[in-house]
Each structure stands twice: as structure tokens, then as C-alpha cells.
Amino acid sequence: MSRIGPICVLLLSGFYCSVSLGQQAGDSVVVLQSTTVKSGNKTLQTVVPGRPFHVYEVRGDWLLVSAETTGWINKRHVAAPQQAIAFFTEEIRKHPNKSHAYWARGAAKLEDEQTEAAIEDFDQALEFNGNNVVALTSRGFAKMNQGYVEAALTDFNTALKIDPRSVQALLCRGMLRSAEEDDDAAISDLTDCLRFNPNYAVAYRARAWVWLLRRDSAQAIIDANRAIRLNPKDGDALTYRGTALLLTGKMAQALEDLNEAIRIDPDNLIAHNNRSKIWLDKKDLNATLADLEAVIRLDPDDALAHNNRGGIRIQQRQFDAALVDVNEAIRLDPKLAMAYSNRAVIAVEKKQFEAARIDFDRALEIDPEQLFSRRVRGEFLQSQGDWEKAFEDFDAALRIDSKDIVCLRG
């Protein structure tokens, strides 16, 4: 796992507007006026201008949205990101010295993936108010997404000097430290964040992600449970819990979580990728293939997904299609040992034995401890009558995994 976890939740005091714009399920929306997220008559959360949401359902004038909580917001108080940008631009024209109007427009631009333009607005907000913690945190988050680690860290640290209890700055700094593989510092920040706000679902989800990166499935499940209890529609938290359950071998529970995560967000890449492992364990090759195709659609540069799809197509004896996949995997990652082994298997099926030998050798040159490569090269050498070298590979495989039944039988 390699991506930064959940998106920060950034808060600011609001101002009024009166725009009514219809939205549909699946849309991204930005809050235009201070408003509330409700469940029936109960107020779950107060939100402010610039706050982004994903819409899950529409009922008349109400939108089902999810962030720290899952509830309903009046669609008259939100707009699509580009419409929100236009609205806040007009606010700035009327009130050119209004710091939080620049922040809100920057937040809308960030939601519209206009990162550079968003940073310019956060800069302007800070020109008017250098102690604007939310603008500092937002700018740091934008820089973090651009890969400017030191600049982002400077913004988060500055924000925390101004307000040491800023849960948004602690959350974002924790995410940054996790991305930089400083997991102890990340957990410290996220724990402080939750000390100041024990009901901050996003922080539980973020800390669950860090536990997962540390392969501490038990702690990941505990934090994911807390996040889901606070926000049942948190698809990422469901994904992290499902992944932790998968790592502990609880396949049925993991599948339930990952199915729900994908139902909430059909483009959840991690959920598709991890669910493919469950389908493969169940020997459902068609379902495995469908999830891998979703991963490749969402991330065409994922070499491992191309290789894995090639592996499934080998099992389905679709060797030409498999060759296209493993060649693409090698193009994307020339050091992916498994892809060379898969290409060698295809070469064997095509009776291209010298090409197979070259690819097997290349795979083990890259990773001598690759069990699959040792096993299949041993079988290949055995079929070629090279018993001495075959047994060397079988012996090496057994050193890697003393319970490898294939090599024991070989």
C-alpha cells in the first residue's frame, strides 16, 4: 500500500448565500453557506462555506452526504465545484478583503483539481490574515498532494504553533508523516488529534490506515470499527477494515466489508484490488478478472495489476491476451520478477523454450527468493531433463517455504 489516506476535513467560520442548484447521486458538491448535516430532526454536524462533499442519494431538496457523519444536507446550500468557484469569486468582488472568501474559493478549486490556483487563493487568504490556521492547513494539504513535503510540513507546523489543538492540522501532518514512513510520529499526531476530538471519524480512519501499513491488523480493525460506528458510509474505513480482516484470514467478513465499500464507491481502487485476492482464493477467476480490470481502469500504470490479470488469463489459457498483460507489466516495472516468470510460462506453452529459460533466469536474477519463480523454473528444467538444476531450484524453494507441497512432491 502506498497512497496517502483520507482527505482532510477543513473548517472555517461561514458567510451567507442563497443559491439553489440541483445535484445528483455521484456528484461532488461544495457548501456555499453555513448549514447543517441532519438525521431527521437531529443536527449531526455544522459545516461551512468551501466544505466539499460527495453525494450518495437525492430525495427532493435533500442530499445524503458523508464525511465525519452520514446525513442529509439541503441542496440549496451547495453547488458543483465550478459553480461554487464562480459564487465565491463574486463574494470576493463584493468584499475584496475577506480572507475566508479566498479560502472558500481555494477549497472549491482544490475539489475541482485546480491545485495551483487553489494555492494562490490560500496565499491570498494568508495575505489578509497570516494567522488563518485553516488556510495554512489547506495550503499544506495542497502542497502535500503535489509532493512538496517540506513546504507542506512547514505549513502544518506553523498552523500548530498558532493553534496546537487544531485537529485538521494534526490530521494532515499525521498523514504526511505516514506518507514519509515515519509511522510513530504519524500515530502520535493522530492520537493527539483524537484526544482533542474523540468523535473525529476521519482521524480514526487515518490511524487505521497507518496501523495497516505497519501490518498491525488488530489495531487497524479497532480504529476502523470506531470510524464506521461514527460514520457508517465511510467507504475507506470499510476498505481498511476489510483489508485487515483479509490479512487475518477472515475472508467472509473481509468480502462483506469490501463489497460494501465498492457499493458506496464503485471506483474504490484498494477495495477492488483486495477483493480480487479473495475471489482468487475462492478460485472464481471471472470475478478476480473483473476486479483486476477495475483496478487497471482506475490506475492504468499499475504494473502488478497488469501482471496479475496476465496470471489469471494464463489460468484461463488465454495466452495471447496474457502476453499483452505481462509485457505491459514489464514495460511499467522492468524489475517485476513475477511478470518475467509469467511470460516464461507463456513461452513454455508456446514451446519457445529458449525464451522461457531467459525469462526464468531474469526473474530469479531480480529476486532469488521469489517462490513462484523457483518452483516454475524447477518444473521447466525438470521437463527439459536438466534434473540437477531443477533440484537446485526445488531445494531453494523449500528453503523459502519448507511446506511448499509442489516442491516436496517434485
# chains A, B, ... in the order shown; residues from 1 in each chain; ligands from 1
$ residues_around --residues "Pro164 (chain A)" --least-positions-apart "6" --cutoff "12 Å" --atoms "only C-alpha atoms" --output "PDB file with C-alpha atoms, in the first residue's frame"
ATOM      1  CA  VAL A 133      -4.940  28.205  10.585  1.00  0.00           C
ATOM      2  CA  PHE A 156       1.288  22.327   9.179  1.00  0.00           C
ATOM      3  CA  ASN A 157       3.916  23.195  11.800  1.00  0.00           C
ATOM      4  CA  THR A 158       3.101  26.904  11.507  1.00  0.00           C
ATOM      5  CA  LEU A 170      -2.733  17.360  13.284  1.00  0.00           C
ATOM      6  CA  LEU A 171      -4.653  15.080  10.919  1.00  0.00           C
ATOM      7  CA  ASP A 189      -0.228  13.193  15.679  1.00  0.00           C
ATOM      8  CA  ASP A 192      -3.330  13.869  19.745  1.00  0.00           C
ATOM      9  CA  CYS A 193      -5.969  14.736  17.163  1.00  0.00           C
ATOM     10  CA  PHE A 196      -8.811  16.866  21.221  1.00  0.00           C
TER      11      PHE A 196
END
$ closest_atom_pairs --of "region 215-298 of chain A" --to "region 33-54 of chain A" --cutoff "12 Å" --atoms "only C-alpha atoms" --output "JSON lines"
{"residue": "A:Leu230", "atom": "CA", "partner": "A:Leu44", "partner_atom": "CA", "distance": 10.4}
{"residue": "A:Asn231", "atom": "CA", "partner": "A:Leu44", "partner_atom": "CA", "distance": 10.7}
{"residue": "A:Lys233", "atom": "CA", "partner": "A:His54", "partner_atom": "CA", "distance": 10.9}
{"residue": "A:Asp234", "atom": "CA", "partner": "A:His54", "partner_atom": "CA", "distance": 11.1}
{"residue": "A:Gly235", "atom": "CA", "partner": "A:His54", "partner_atom": "CA", "distance": 11.5}
{"residue": "A:Ile264", "atom": "CA", "partner": "A:His54", "partner_atom": "CA", "distance": 10.5}
{"residue": "A:Asp265", "atom": "CA", "partner": "A:His54", "partner_atom": "CA", "distance": 9.9}
$ write_last_selection --atoms "all heavy atoms" --output "PDB file, in the first residue's frame"
ATOM      1  N   LEU A 230     -18.999   5.791  13.873  1.00  0.00           N
ATOM      2  CA  LEU A 230     -19.310   7.219  13.779  1.00  0.00           C
ATOM      3  C   LEU A 230     -19.857   7.594  12.410  1.00  0.00           C
ATOM      4  O   LEU A 230     -20.662   8.521  12.280  1.00  0.00           O
ATOM      5  CB  LEU A 230     -18.051   8.044  14.067  1.00  0.00           C
ATOM      6  CG  LEU A 230     -17.569   8.023  15.517  1.00  0.00           C
ATOM      7  CD1 LEU A 230     -16.134   8.522  15.615  1.00  0.00           C
ATOM      8  CD2 LEU A 230     -18.492   8.866  16.392  1.00  0.00           C
ATOM      9  N   ASN A 231     -19.415   6.877  11.376  1.00  0.00           N
ATOM     10  CA  ASN A 231     -19.810   7.211  10.005  1.00  0.00           C
ATOM     11  C   ASN A 231     -19.960   5.934   9.187  1.00  0.00           C
ATOM     12  O   ASN A 231     -19.006   5.484   8.555  1.00  0.00           O
ATOM     13  CB  ASN A 231     -18.773   8.141   9.363  1.00  0.00           C
ATOM     14  CG  ASN A 231     -19.163   8.527   7.950  1.00  0.00           C
ATOM     15  OD1 ASN A 231     -20.284   8.300   7.515  1.00  0.00           O
ATOM     16  ND2 ASN A 231     -18.230   9.105   7.224  1.00  0.00           N
ATOM     17  N   LYS A 233     -21.113   5.265   6.407  1.00  0.00           N
ATOM     18  CA  LYS A 233     -20.907   5.356   4.953  1.00  0.00           C
ATOM     19  C   LYS A 233     -19.455   5.626   4.594  1.00  0.00           C
ATOM     20  O   LYS A 233     -19.153   5.977   3.445  1.00  0.00           O
ATOM     21  CB  LYS A 233     -21.781   6.477   4.389  1.00  0.00           C
ATOM     22  CG  LYS A 233     -23.247   6.106   4.298  1.00  0.00           C
ATOM     23  CD  LYS A 233     -23.616   5.767   2.882  1.00  0.00           C
ATOM     24  CE  LYS A 233     -25.115   5.476   2.785  1.00  0.00           C
ATOM     25  NZ  LYS A 233     -25.370   4.568   1.668  1.00  0.00           N
ATOM     26  N   ASP A 234     -18.539   5.467   5.516  1.00  0.00           N
ATOM     27  CA  ASP A 234     -17.132   5.736   5.234  1.00  0.00           C
ATOM     28  C   ASP A 234     -16.548   4.549   4.464  1.00  0.00           C
ATOM     29  O   ASP A 234     -16.130   3.548   5.037  1.00  0.00           O
ATOM     30  CB  ASP A 234     -16.370   5.959   6.542  1.00  0.00           C
ATOM     31  CG  ASP A 234     -14.954   6.466   6.314  1.00  0.00           C
ATOM     32  OD1 ASP A 234     -14.387   6.181   5.242  1.00  0.00           O
ATOM     33  OD2 ASP A 234     -14.421   7.158   7.191  1.00  0.00           O
ATOM     34  N   GLY A 235     -16.524   4.683   3.137  1.00  0.00           N
ATOM     35  CA  GLY A 235     -16.042   3.597   2.296  1.00  0.00           C
ATOM     36  C   GLY A 235     -14.591   3.250   2.523  1.00  0.00           C
ATOM     37  O   GLY A 235     -14.199   2.078   2.453  1.00  0.00           O
ATOM     38  N   ILE A 264     -20.604   1.618  -2.052  1.00  0.00           N
ATOM     39  CA  ILE A 264     -20.595   3.046  -1.733  1.00  0.00           C
ATOM     40  C   ILE A 264     -19.823   3.824  -2.789  1.00  0.00           C
ATOM     41  O   ILE A 264     -20.241   4.890  -3.236  1.00  0.00           O
ATOM     42  CB  ILE A 264     -19.982   3.279  -0.340  1.00  0.00           C
ATOM     43  CG1 ILE A 264     -20.914   2.714   0.748  1.00  0.00           C
ATOM     44  CG2 ILE A 264     -19.712   4.761  -0.082  1.00  0.00           C
ATOM     45  CD1 ILE A 264     -20.291   2.667   2.126  1.00  0.00           C
ATOM     46  N   ASP A 265     -18.671   3.299  -3.196  1.00  0.00           N
ATOM     47  CA  ASP A 265     -17.819   3.975  -4.180  1.00  0.00           C
ATOM     48  C   ASP A 265     -17.302   2.943  -5.183  1.00  0.00           C
ATOM     49  O   ASP A 265     -16.324   2.253  -4.925  1.00  0.00           O
ATOM     50  CB  ASP A 265     -16.644   4.667  -3.483  1.00  0.00           C
ATOM     51  CG  ASP A 265     -15.706   5.344  -4.490  1.00  0.00           C
ATOM     52  OD1 ASP A 265     -16.068   5.427  -5.689  1.00  0.00           O
ATOM     53  OD2 ASP A 265     -14.616   5.783  -4.078  1.00  0.00           O
TER      54      ASP A 265
END
$ closest_residue --among "A:Arg93, A:His100, A:Lys350, A:His272" --to "Phe319 (chain A)" --atoms "only C-alpha atoms"
A:Lys350
$ residues_around --residues "region 137-141 of chain A" --least-positions-apart "2" --cutoff "6 Å" --atoms "only C-alpha atoms" --output "list in words"
Ile119, Phe122, Val134, Ala135, Lys143, Met144, Ala152, Asp155, Phe156 and Ala169 of chain A
$ write_last_selection --atoms "all heavy atoms" --output "PDB file, in the first residue's frame"
ATOM      1  N   ILE A 119      -3.845  27.038  -4.382  1.00  0.00           N
ATOM      2  CA  ILE A 119      -2.745  27.544  -3.546  1.00  0.00           C
ATOM      3  C   ILE A 119      -2.663  29.064  -3.634  1.00  0.00           C
ATOM      4  O   ILE A 119      -2.424  29.749  -2.632  1.00  0.00           O
ATOM      5  CB  ILE A 119      -1.417  26.880  -3.958  1.00  0.00           C
ATOM      6  CG1 ILE A 119      -1.432  25.400  -3.536  1.00  0.00           C
ATOM      7  CG2 ILE A 119      -0.225  27.602  -3.322  1.00  0.00           C
ATOM      8  CD1 ILE A 119      -0.257  24.600  -4.034  1.00  0.00           C
ATOM      9  N   PHE A 122      -5.238  30.395  -1.316  1.00  0.00           N
ATOM     10  CA  PHE A 122      -4.827  30.237   0.088  1.00  0.00           C
ATOM     11  C   PHE A 122      -3.746  31.260   0.441  1.00  0.00           C
ATOM     12  O   PHE A 122      -3.746  31.819   1.542  1.00  0.00           O
ATOM     13  CB  PHE A 122      -4.319  28.817   0.341  1.00  0.00           C
ATOM     14  CG  PHE A 122      -5.351  27.734   0.098  1.00  0.00           C
ATOM     15  CD1 PHE A 122      -4.977  26.503  -0.430  1.00  0.00           C
ATOM     16  CD2 PHE A 122      -6.695  27.951   0.394  1.00  0.00           C
ATOM     17  CE1 PHE A 122      -5.921  25.505  -0.654  1.00  0.00           C
ATOM     18  CE2 PHE A 122      -7.647  26.968   0.167  1.00  0.00           C
ATOM     19  CZ  PHE A 122      -7.257  25.743  -0.356  1.00  0.00           C
ATOM     20  N   VAL A 134      -6.789  27.522   9.143  1.00  0.00           N
ATOM     21  CA  VAL A 134      -7.416  26.680   8.126  1.00  0.00           C
ATOM     22  C   VAL A 134      -6.775  26.908   6.764  1.00  0.00           C
ATOM     23  O   VAL A 134      -6.547  25.961   6.005  1.00  0.00           O
ATOM     24  CB  VAL A 134      -8.936  26.928   8.077  1.00  0.00           C
ATOM     25  CG1 VAL A 134      -9.578  26.123   6.972  1.00  0.00           C
ATOM     26  CG2 VAL A 134      -9.568  26.564   9.409  1.00  0.00           C
ATOM     27  N   ALA A 135      -6.457  28.170   6.438  1.00  0.00           N
ATOM     28  CA  ALA A 135      -5.796  28.453   5.156  1.00  0.00           C
ATOM     29  C   ALA A 135      -4.400  27.838   5.130  1.00  0.00           C
ATOM     30  O   ALA A 135      -3.972  27.284   4.102  1.00  0.00           O
ATOM     31  CB  ALA A 135      -5.727  29.958   4.921  1.00  0.00           C
ATOM     32  N   LYS A 143      -0.080  21.349  -1.094  1.00  0.00           N
ATOM     33  CA  LYS A 143       1.344  21.118  -1.383  1.00  0.00           C
ATOM     34  C   LYS A 143       1.723  19.658  -1.152  1.00  0.00           C
ATOM     35  O   LYS A 143       2.547  19.100  -1.894  1.00  0.00           O
ATOM     36  CB  LYS A 143       2.204  22.050  -0.524  1.00  0.00           C
ATOM     37  CG  LYS A 143       2.108  23.517  -0.930  1.00  0.00           C
ATOM     38  CD  LYS A 143       2.896  24.408   0.025  1.00  0.00           C
ATOM     39  CE  LYS A 143       2.841  25.867  -0.417  1.00  0.00           C
ATOM     40  NZ  LYS A 143       3.567  26.760   0.539  1.00  0.00           N
ATOM     41  N   MET A 144       1.127  19.047  -0.129  1.00  0.00           N
ATOM     42  CA  MET A 144       1.385  17.637   0.130  1.00  0.00           C
ATOM     43  C   MET A 144       0.963  16.791  -1.068  1.00  0.00           C
ATOM     44  O   MET A 144       1.692  15.890  -1.497  1.00  0.00           O
ATOM     45  CB  MET A 144       0.625  17.193   1.383  1.00  0.00           C
ATOM     46  CG  MET A 144       0.775  15.731   1.734  1.00  0.00           C
ATOM     47  SD  MET A 144       0.072  15.337   3.369  1.00  0.00           S
ATOM     48  CE  MET A 144      -1.679  15.544   3.057  1.00  0.00           C
ATOM     49  N   ALA A 152       4.877  21.582   2.719  1.00  0.00           N
ATOM     50  CA  ALA A 152       3.640  21.185   3.393  1.00  0.00           C
ATOM     51  C   ALA A 152       3.864  21.084   4.903  1.00  0.00           C
ATOM     52  O   ALA A 152       3.051  21.578   5.696  1.00  0.00           O
ATOM     53  CB  ALA A 152       3.152  19.850   2.836  1.00  0.00           C
ATOM     54  N   ASP A 155       3.908  24.439   6.588  1.00  0.00           N
ATOM     55  CA  ASP A 155       2.571  24.995   6.796  1.00  0.00           C
ATOM     56  C   ASP A 155       1.867  24.332   7.970  1.00  0.00           C
ATOM     57  O   ASP A 155       1.237  25.010   8.794  1.00  0.00           O
ATOM     58  CB  ASP A 155       1.733  24.839   5.522  1.00  0.00           C
ATOM     59  CG  ASP A 155       1.980  25.964   4.521  1.00  0.00           C
ATOM     60  OD1 ASP A 155       2.566  26.988   4.909  1.00  0.00           O
ATOM     61  OD2 ASP A 155       1.567  25.819   3.351  1.00  0.00           O
ATOM     62  N   PHE A 156       1.950  23.016   8.069  1.00  0.00           N
ATOM     63  CA  PHE A 156       1.288  22.327   9.179  1.00  0.00           C
ATOM     64  C   PHE A 156       1.903  22.721  10.512  1.00  0.00           C
ATOM     65  O   PHE A 156       1.192  22.960  11.503  1.00  0.00           O
ATOM     66  CB  PHE A 156       1.375  20.804   8.993  1.00  0.00           C
ATOM     67  CG  PHE A 156       0.698  20.293   7.755  1.00  0.00           C
ATOM     68  CD1 PHE A 156       1.187  19.170   7.087  1.00  0.00           C
ATOM     69  CD2 PHE A 156      -0.433  20.908   7.240  1.00  0.00           C
ATOM     70  CE1 PHE A 156       0.573  18.685   5.947  1.00  0.00           C
ATOM     71  CE2 PHE A 156      -1.059  20.432   6.091  1.00  0.00           C
ATOM     72  CZ  PHE A 156      -0.542  19.321   5.443  1.00  0.00           C
ATOM     73  N   ALA A 169      -4.965  20.321  11.305  1.00  0.00           N
ATOM     74  CA  ALA A 169      -3.515  20.364  11.079  1.00  0.00           C
ATOM     75  C   ALA A 169      -2.841  19.100  11.600  1.00  0.00           C
ATOM     76  O   ALA A 169      -1.928  18.561  10.959  1.00  0.00           O
ATOM     77  CB  ALA A 169      -2.915  21.608  11.734  1.00  0.00           C
TER      78      ALA A 169
END
$ residues_around --residues "region 380-383 of chain A" --least-positions-apart "2" --cutoff "10 Å" --atoms "only C-alpha atoms" --output "compact mmCIF listing (two decimals) with all heavy atoms, in the first residue's frame"
# COMPACT_ATOMS: atom_id res chain seq x y z
N ALA A 344 7.56 -16.33 -19.01
CA ALA A 344 8.25 -17.60 -19.27
C ALA A 344 7.25 -18.75 -19.37
O ALA A 344 7.39 -19.63 -20.23
CB ALA A 344 9.27 -17.86 -18.18
N VAL A 345 6.24 -18.74 -18.49
CA VAL A 345 5.21 -19.79 -18.54
C VAL A 345 4.49 -19.75 -19.88
O VAL A 345 4.22 -20.80 -20.49
CB VAL A 345 4.22 -19.61 -17.37
CG1 VAL A 345 3.01 -20.52 -17.55
CG2 VAL A 345 4.91 -19.90 -16.04
N VAL A 348 6.70 -21.28 -22.49
CA VAL A 348 6.68 -22.74 -22.42
C VAL A 348 5.45 -23.28 -23.14
O VAL A 348 5.55 -24.25 -23.91
CB VAL A 348 6.71 -23.21 -20.95
CG1 VAL A 348 6.45 -24.72 -20.87
CG2 VAL A 348 8.04 -22.87 -20.29
N PHE A 353 11.17 -22.51 -25.85
CA PHE A 353 11.89 -22.91 -24.66
C PHE A 353 13.08 -22.03 -24.33
O PHE A 353 13.36 -21.77 -23.16
CB PHE A 353 12.31 -24.38 -24.78
CG PHE A 353 11.14 -25.31 -24.94
CD1 PHE A 353 11.07 -26.18 -26.01
CD2 PHE A 353 10.09 -25.29 -24.03
CE1 PHE A 353 10.00 -27.04 -26.16
CE2 PHE A 353 9.00 -26.14 -24.18
CZ PHE A 353 8.94 -27.01 -25.24
N ALA A 356 11.77 -18.95 -22.76
CA ALA A 356 11.32 -19.27 -21.40
C ALA A 356 12.50 -19.29 -20.44
O ALA A 356 12.44 -18.72 -19.34
CB ALA A 356 10.60 -20.62 -21.39
N ARG A 357 13.59 -19.94 -20.86
CA ARG A 357 14.77 -20.03 -20.00
C ARG A 357 15.32 -18.63 -19.68
O ARG A 357 15.68 -18.34 -18.53
CB ARG A 357 15.84 -20.87 -20.68
CG ARG A 357 17.05 -21.18 -19.79
CD ARG A 357 18.10 -21.95 -20.59
NE ARG A 357 17.63 -23.26 -21.01
CZ ARG A 357 17.75 -24.37 -20.28
NH1 ARG A 357 18.35 -24.31 -19.09
NH2 ARG A 357 17.30 -25.52 -20.73
N PHE A 360 12.90 -16.96 -17.14
CA PHE A 360 13.04 -17.55 -15.81
C PHE A 360 14.31 -17.05 -15.12
O PHE A 360 14.30 -16.68 -13.94
CB PHE A 360 13.07 -19.08 -15.90
CG PHE A 360 11.71 -19.72 -16.04
CD1 PHE A 360 11.49 -20.71 -16.98
CD2 PHE A 360 10.65 -19.35 -15.21
CE1 PHE A 360 10.26 -21.33 -17.10
CE2 PHE A 360 9.41 -19.96 -15.33
CZ PHE A 360 9.21 -20.95 -16.28
N ARG A 374 11.09 -19.84 -8.51
CA ARG A 374 11.89 -21.03 -8.22
C ARG A 374 11.11 -22.30 -8.59
O ARG A 374 11.63 -23.24 -9.20
CB ARG A 374 12.26 -21.07 -6.74
CG ARG A 374 13.35 -20.11 -6.34
CD ARG A 374 14.70 -20.53 -6.89
NE ARG A 374 15.75 -19.61 -6.47
CZ ARG A 374 16.99 -19.64 -6.93
NH1 ARG A 374 17.33 -20.53 -7.86
NH2 ARG A 374 17.88 -18.78 -6.51
N ARG A 375 9.85 -22.31 -8.20
CA ARG A 375 9.04 -23.50 -8.43
C ARG A 375 8.85 -23.78 -9.92
O ARG A 375 9.10 -24.88 -10.40
CB ARG A 375 7.69 -23.34 -7.74
CG ARG A 375 6.75 -24.52 -7.96
CD ARG A 375 5.34 -24.14 -7.58
NE ARG A 375 5.20 -23.86 -6.16
CZ ARG A 375 4.14 -23.24 -5.65
NH1 ARG A 375 3.20 -22.78 -6.44
NH2 ARG A 375 4.05 -23.06 -4.35
N VAL A 376 8.41 -22.74 -10.66
CA VAL A 376 8.07 -22.99 -12.06
C VAL A 376 9.33 -23.19 -12.91
O VAL A 376 9.31 -23.96 -13.87
CB VAL A 376 7.18 -21.86 -12.64
CG1 VAL A 376 5.82 -21.85 -11.97
CG2 VAL A 376 7.84 -20.50 -12.53
N ARG A 377 10.44 -22.52 -12.54
CA ARG A 377 11.65 -22.80 -13.30
C ARG A 377 12.13 -24.22 -13.03
O ARG A 377 12.60 -24.92 -13.94
CB ARG A 377 12.77 -21.80 -12.98
CG ARG A 377 13.96 -21.98 -13.96
CD ARG A 377 15.07 -20.98 -13.76
NE ARG A 377 15.85 -21.24 -12.55
CZ ARG A 377 17.01 -20.63 -12.29
NH1 ARG A 377 17.49 -19.72 -13.11
NH2 ARG A 377 17.66 -20.91 -11.16
N GLY A 378 12.00 -24.68 -11.78
CA GLY A 378 12.36 -26.05 -11.47
C GLY A 378 11.55 -27.04 -12.28
O GLY A 378 12.09 -28.02 -12.84
N GLY A 385 14.72 -32.12 -18.81
CA GLY A 385 15.68 -33.15 -18.47
C GLY A 385 16.90 -32.65 -17.71
O GLY A 385 17.85 -33.41 -17.48
N ASP A 386 16.88 -31.39 -17.29
CA ASP A 386 18.01 -30.82 -16.54
C ASP A 386 17.74 -31.03 -15.05
O ASP A 386 17.42 -30.10 -14.31
CB ASP A 386 18.17 -29.34 -16.88
CG ASP A 386 19.50 -28.77 -16.43
OD1 ASP A 386 20.12 -29.40 -15.56
OD2 ASP A 386 19.89 -27.70 -16.92
N TRP A 387 17.87 -32.28 -14.59
CA TRP A 387 17.48 -32.65 -13.25
C TRP A 387 18.31 -31.95 -12.18
O TRP A 387 17.79 -31.54 -11.13
CB TRP A 387 17.58 -34.16 -13.08
CG TRP A 387 16.54 -34.89 -13.88
CD1 TRP A 387 16.65 -35.34 -15.16
CD2 TRP A 387 15.23 -35.22 -13.44
NE1 TRP A 387 15.49 -35.93 -15.56
CE2 TRP A 387 14.58 -35.87 -14.52
CE3 TRP A 387 14.53 -35.03 -12.25
CZ2 TRP A 387 13.29 -36.35 -14.44
CZ3 TRP A 387 13.23 -35.51 -12.17
CH2 TRP A 387 12.61 -36.15 -13.26
N GLU A 388 19.61 -31.84 -12.43
CA GLU A 388 20.48 -31.24 -11.40
C GLU A 388 20.06 -29.82 -11.08
O GLU A 388 19.89 -29.45 -9.91
CB GLU A 388 21.93 -31.28 -11.88
CG GLU A 388 22.91 -30.75 -10.83
CD GLU A 388 24.36 -30.85 -11.28
OE1 GLU A 388 24.62 -31.48 -12.33
OE2 GLU A 388 25.21 -30.30 -10.57
N LYS A 389 19.87 -29.00 -12.11
CA LYS A 389 19.46 -27.60 -11.88
C LYS A 389 18.03 -27.52 -11.37
O LYS A 389 17.68 -26.62 -10.59
CB LYS A 389 19.65 -26.79 -13.15
CG LYS A 389 21.12 -26.55 -13.50
CD LYS A 389 21.26 -25.62 -14.68
CE LYS A 389 22.75 -25.35 -14.99
NZ LYS A 389 22.90 -24.47 -16.18
N ALA A 390 17.19 -28.45 -11.81
CA ALA A 390 15.81 -28.47 -11.33
C ALA A 390 15.79 -28.67 -9.82
O ALA A 390 15.07 -27.98 -9.09
CB ALA A 390 15.01 -29.56 -12.03
N PHE A 391 16.57 -29.64 -9.34
CA PHE A 391 16.60 -29.90 -7.91
C PHE A 391 17.21 -28.72 -7.13
O PHE A 391 16.84 -28.48 -5.98
CB PHE A 391 17.35 -31.19 -7.60
CG PHE A 391 16.52 -32.42 -7.85
CD1 PHE A 391 16.94 -33.41 -8.73
CD2 PHE A 391 15.31 -32.58 -7.20
CE1 PHE A 391 16.17 -34.54 -8.96
CE2 PHE A 391 14.52 -33.70 -7.42
CZ PHE A 391 14.96 -34.68 -8.31
N ASP A 393 16.65 -25.64 -7.87
CA ASP A 393 15.53 -24.72 -7.70
C ASP A 393 14.54 -25.25 -6.66
O ASP A 393 14.02 -24.48 -5.83
CB ASP A 393 14.81 -24.49 -9.04
CG ASP A 393 15.45 -23.40 -9.86
OD1 ASP A 393 16.16 -22.55 -9.29
OD2 ASP A 393 15.25 -23.37 -11.09
N GLY A 410 7.86 -32.66 -6.04
CA GLY A 410 8.84 -32.70 -7.13
C GLY A 410 10.07 -33.45 -6.73
O GLY A 410 10.62 -34.19 -7.51
$ residues_around --residues "Asp123 (chain A)" --least-positions-apart "6" --cutoff "10 Å" --atoms "only C-alpha atoms" --output "list in words"
Ser99, Tyr102, Trp103, Gly106, Ala117, Asn129, Gly130, Ala135, Leu136 and Arg139 of chain A
$ select_by_dssp --residues "region 105-322 of chain A" --states "alpha helix (DSSP H)" --output "PyMOL selection string"
chain A and resi 105-111+115-128+133-146+149-162+167-179+183-196+201-213+217-230+235-247+251-264+269-281+285-298+303-315+319-322
$ atom_distance --atom1 "CA of Thr288 (chain A)" --atom2 "CA of Arg309 (chain A)"
8.3 Å
$ atom_distance --atom1 "CA of Gln316 (chain A)" --atom2 "CA of Asn286 (chain A)"
9.3 Å
$ closest_residue --among "A:Ala208, A:Ala25, A:Leu176, A:Ala218" --to "Leu153 (chain A)" --atoms "only C-alpha atoms"
A:Leu176
$ residues_around --residues "Leu238 (chain A)" --least-positions-apart "4" --cutoff "8 Å" --atoms "only C-alpha atoms" --output "ChimeraX atom specification"
/A:224,228,234,242,257-258,260-261
$ write_last_selection --atoms "N, CA and C atoms" --output "PDB file, in the first residue's frame"
ATOM      1  N   ALA A 224     -10.785   1.197  12.666  1.00  0.00           N
ATOM      2  CA  ALA A 224     -11.773   1.200  11.581  1.00  0.00           C
ATOM      3  C   ALA A 224     -13.180   1.012  12.144  1.00  0.00           C
ATOM      4  N   ILE A 228     -16.268   3.573  11.510  1.00  0.00           N
ATOM      5  CA  ILE A 228     -17.516   3.111  10.903  1.00  0.00           C
ATOM      6  C   ILE A 228     -18.692   3.330  11.845  1.00  0.00           C
ATOM      7  N   ASP A 234     -18.539   5.467   5.516  1.00  0.00           N
ATOM      8  CA  ASP A 234     -17.132   5.736   5.234  1.00  0.00           C
ATOM      9  C   ASP A 234     -16.548   4.549   4.464  1.00  0.00           C
ATOM     10  N   GLY A 242     -11.809  -4.208   5.944  1.00  0.00           N
ATOM     11  CA  GLY A 242     -11.834  -5.393   5.097  1.00  0.00           C
ATOM     12  C   GLY A 242     -10.442  -5.901   4.783  1.00  0.00           C
ATOM     13  N   ASP A 257     -17.146  -6.457   3.906  1.00  0.00           N
ATOM     14  CA  ASP A 257     -16.717  -5.060   4.006  1.00  0.00           C
ATOM     15  C   ASP A 257     -16.330  -4.496   2.644  1.00  0.00           C
ATOM     16  N   LEU A 258     -15.571  -5.254   1.870  1.00  0.00           N
ATOM     17  CA  LEU A 258     -15.103  -4.751   0.581  1.00  0.00           C
ATOM     18  C   LEU A 258     -16.256  -4.607  -0.405  1.00  0.00           C
ATOM     19  N   GLU A 260     -19.295  -3.779   0.429  1.00  0.00           N
ATOM     20  CA  GLU A 260     -19.995  -2.557   0.839  1.00  0.00           C
ATOM     21  C   GLU A 260     -19.201  -1.315   0.443  1.00  0.00           C
ATOM     22  N   ALA A 261     -17.881  -1.379   0.590  1.00  0.00           N
ATOM     23  CA  ALA A 261     -17.047  -0.235   0.194  1.00  0.00           C
ATOM     24  C   ALA A 261     -17.209   0.054  -1.295  1.00  0.00           C
TER      25      ALA A 261
END
$ closest_residue --among "A:Pro300, A:Asn342, A:Glu150, A:Ile187" --to "Ile314 (chain A)" --atoms "only C-alpha atoms"
A:Asn342
$ closest_residue --among "A:Gln82, A:Ser276, A:Ser178, A:Gln352" --to "Thr243 (chain A)" --atoms "only C-alpha atoms"
A:Ser276
$ residues_around --residues "region 331-339 of chain A" --least-positions-apart "2" --cutoff "9 Å" --atoms "only C-alpha atoms" --output "list in words"
Asp301, Asp302, Ala303, Leu304, His306, Asn307, Asn308, Gly310, Gly311, Asp325, Val326, Asn327, Glu328, Ala329, Ser341, Asn342, Arg343, Ala344, Asp359, Phe360, Arg362, Ala363, Leu364, Glu365, Ile366, Asp367, Gln370, Phe372 and Ser373 of chain A
$ atom_distance --atom1 "CA of Asp223 (chain A)" --atom2 "CA of Ala244 (chain A)"
10.9 Å
